[in-house]
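> A single structure is presented below for examination.
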Amino acid sequence: MNKKAVITGANRGIGKCFAMKCAQKGYDLLLIARDNGMLEECFKEIKSKYTVDVTIISADLSKPEDVKALVLKISEDTSIELLINNAGFAIPSFFIESDIEAQMDMVRVHNEALLRLTRAVLPIMKNNRKGAIINVSSTLAYIPFVTNSVYCASKAFINVFSDILQREVKGYGILVQALNPGRTKTDFYNRAAFQNVEKTNPKNKEISPEAVVDISFRKLGKSVVVIPGLNNKMMILFKKITANMIMKKKGIK
């Protein structure tokens with residue numbers, strides 16, 4: 001039985017690059033995303049280049065019934081060696097003005113679905129005495145980015161959870177990583193949710209999603225929290241020092 005990778009948000013950006021890299025590494029794939037059309041395009045591209053088996057599932061991870069169905073499918077597949085929780089989105093709004101159900105959908109995708117899928121694969125990896133889980137967080141986990149309070153908080157949750165989980169499962173041969181990409185050359189940062197990112201993380205400092213994925217695999221097992229790119233590391237260090245000062249100056253505490 002060949003090793004298998006499960007990837008959420010696999011239809012574009014970093015998720016698609018993970019899918020391509022995993023196929024190159026010989027993993028069979030279970031690719032999950034909400035947009036079935038883009039998922040089918042990803043399927044065709046992978047099959048045109050690699051001989052691995054690829055299964056695609058269109059699912060909305062904000063819907064409990066979709067997540068439950070995925071958990072049932074995944075928990076029965078003993079070939080899973082890699083889980084990449086990459087699905088995510090952002091909603092630009094001051095929390096006081098936001099649609100709370102939309103914000104809760106984001107938490108369900110970023111946190112609840114991640115927890116449930118992770119919990120589903122852990123017994124498999126424990127029994128096999130090997131496996132890896134990559135949880136895609138964000139450099140915004142470290143930055144109080146106004147109008148994205150829930151997004152930033154949900155990403156900080158991923159970092160803390162991943163750090164503690166690695167301590168709990170290390171003895172079973174399971175590796176855990178919290179990948180914190182900054183501004184990346186994908187459509188994600190072109191959305192309204194991040195219209196002010198240019199001020200703190202200029203577009204000319206973007207790195208490619210392929211580079212993010214390469215760094216993730218290279219650092220797997222060496223560090224739990226991974227921040228691709230020197231500029232991102234320096235930005236986080238700077239923000240930790242100055243964030244509170246800036247927020248107070250703007251009257252937002």
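Following the order of the structure tokens, first chain is A, next is B, and so on, with residues numbered from 1 inside each chain and ligands from 1 in the order they appear.
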What residues in stretch 28-133 of chain A get the DSSP label strand (DSSP E or B)? Please answer as a PyMOL selection string.
chain A and resi 28-33+54-58+80-85+131-133
> Residues at most 7 Å from stretch 130-142 of chain A, counting only C-alpha atoms, excluding those fewer than 3 positions away in the same chain, as a list of chain:residue names?
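My reading of the contact set: A:Glu81, A:Leu82, A:Leu83, A:Ile84, A:Asn85, A:Asn86, A:Met125, A:Lys126, A:Phe145, A:Cys152, A:Ala153, A:Lys155, A:Ala156, A:Ile158, A:Asn159, A:Tyr172, A:Gly173, A:Ile174, A:Leu175, A:Val176, A:Gln177, A:Ala178, A:Leu179, A:Asn180, A:Pro181, A:Gly182, A:Ile236.
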> DSSP on the backbone: which residues in stretch 30-145 of chain A end up as helix (DSSP H, G or I)? Give the answer as a PyMOL selection string.
chain A and resi 36-49+64-75+95-97+100-128+139-141
> Looking at only C-alpha atoms, which of A:Gln103, A:Ser223, A:Ser48, A:Asn231 is the one that sits closest to A:Glu206?
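Smallest distance to A:Glu206 is found for A:Asn231.
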> Show me, as a list of chain:residue names, the residues that have an atom within 7 Å of stretch 107-122 of chain A when counting only C-alpha atoms, minus same-chain residues fewer than 2 positions from it.
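That gives A:Leu61, A:Ser62, A:Val67, A:Val71, A:Ile74, A:Ser75, A:Asn85, A:Ala87, A:Gly88, A:Gln103, A:Met104, A:Asp105, A:Ile124, A:Met125, A:Lys126, A:Ser154.
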> Would you save the residues from that selection as an mmCIF file, in the first residue's frame, using N, CA and C atoms?

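This is the output file again_15.cif:
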```cif
data_model
loop_
_atom_site.group_PDB
_atom_site.id
_atom_site.type_symbol
_atom_site.label_atom_id
_atom_site.label_comp_id
_atom_site.auth_asym_id
_atom_site.auth_seq_id
_atom_site.Cartn_x
_atom_site.Cartn_y
_atom_site.Cartn_z
ATOM 1 N N LEU A 61 -15.608 22.953 4.622
ATOM 2 C CA LEU A 61 -15.169 22.620 5.972
ATOM 3 C C LEU A 61 -15.836 23.461 7.049
ATOM 4 N N SER A 62 -16.658 24.422 6.653
ATOM 5 C CA SER A 62 -17.439 25.163 7.645
ATOM 6 C C SER A 62 -18.736 24.434 7.976
ATOM 7 N N VAL A 67 -17.497 17.854 7.243
ATOM 8 C CA VAL A 67 -16.327 17.453 8.031
ATOM 9 C C VAL A 67 -16.525 16.051 8.597
ATOM 10 N N VAL A 71 -14.079 12.867 8.071
ATOM 11 C CA VAL A 71 -13.495 12.149 9.205
ATOM 12 C C VAL A 71 -13.747 10.650 9.072
ATOM 13 N N ILE A 74 -11.447 9.320 6.240
ATOM 14 C CA ILE A 74 -10.029 9.362 6.582
ATOM 15 C C ILE A 74 -9.679 8.335 7.656
ATOM 16 N N SER A 75 -10.541 8.200 8.645
ATOM 17 C CA SER A 75 -10.233 7.319 9.776
ATOM 18 C C SER A 75 -10.131 5.850 9.381
ATOM 19 N N ASN A 85 -3.291 20.567 6.730
ATOM 20 C CA ASN A 85 -4.466 21.396 6.979
ATOM 21 C C ASN A 85 -4.186 22.801 6.462
ATOM 22 N N ALA A 87 -6.694 24.674 4.368
ATOM 23 C CA ALA A 87 -7.886 25.454 4.022
ATOM 24 C C ALA A 87 -8.031 26.675 4.926
ATOM 25 N N GLY A 88 -8.432 27.786 4.324
ATOM 26 C CA GLY A 88 -8.634 28.991 5.118
ATOM 27 C C GLY A 88 -9.155 30.148 4.298
ATOM 28 N N GLN A 103 -17.949 34.839 10.841
ATOM 29 C CA GLN A 103 -16.728 34.702 11.636
ATOM 30 C C GLN A 103 -16.631 33.296 12.231
ATOM 31 N N MET A 104 -17.754 32.768 12.686
ATOM 32 C CA MET A 104 -17.745 31.414 13.245
ATOM 33 C C MET A 104 -17.447 30.375 12.173
ATOM 34 N N ASP A 105 -17.909 30.621 10.945
ATOM 35 C CA ASP A 105 -17.551 29.719 9.845
ATOM 36 C C ASP A 105 -16.037 29.678 9.659
ATOM 37 N N ILE A 124 -4.052 6.406 13.244
ATOM 38 C CA ILE A 124 -3.412 5.721 12.112
ATOM 39 C C ILE A 124 -1.900 5.890 12.196
ATOM 40 N N MET A 125 -1.475 7.127 12.396
ATOM 41 C CA MET A 125 -0.044 7.415 12.466
ATOM 42 C C MET A 125 0.594 6.780 13.690
ATOM 43 N N LYS A 126 -0.136 6.756 14.789
ATOM 44 C CA LYS A 126 0.379 6.121 16.004
ATOM 45 C C LYS A 126 0.602 4.631 15.775
ATOM 46 N N SER A 154 -7.392 33.031 15.208
ATOM 47 C CA SER A 154 -7.531 31.629 14.798
ATOM 48 C C SER A 154 -6.198 31.052 14.340
#
```
> Pick the closest to A:Glu97 from A:Thr8, A:Gly37, A:Asn148, A:Phe18: which is it, counting only C-alpha atoms?
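Residue with the minimum atom-to-atom distance to A:Glu97: A:Asn148.
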> Restricting the calculation to only C-alpha atoms, which member of A:Pro209, A:Ile80, A:Met38, A:Pro92 is positioned closest to A:Gly15?
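Once distances to A:Gly15 are computed over only C-alpha atoms, the minimum belongs to A:Pro209.
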> In Å, with one decimal, what is the gap from atom CA of A:Leu31 to atom CA of A:Arg218?
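Going from atom CA of A:Leu31 over to atom CA of A:Arg218 covers 21.9 Å.
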> To one decimal place in Å, what is the distance between atom CA of A:Asp53 and atom CA of A:Leu39?
14.7 Å
> Record the distance separating atom CA of A:Pro123 and atom CA of A:Ile164, expressed in Å with one decimal.
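Atom CA of A:Ile164 lies at a distance of 17.1 Å from atom CA of A:Pro123.
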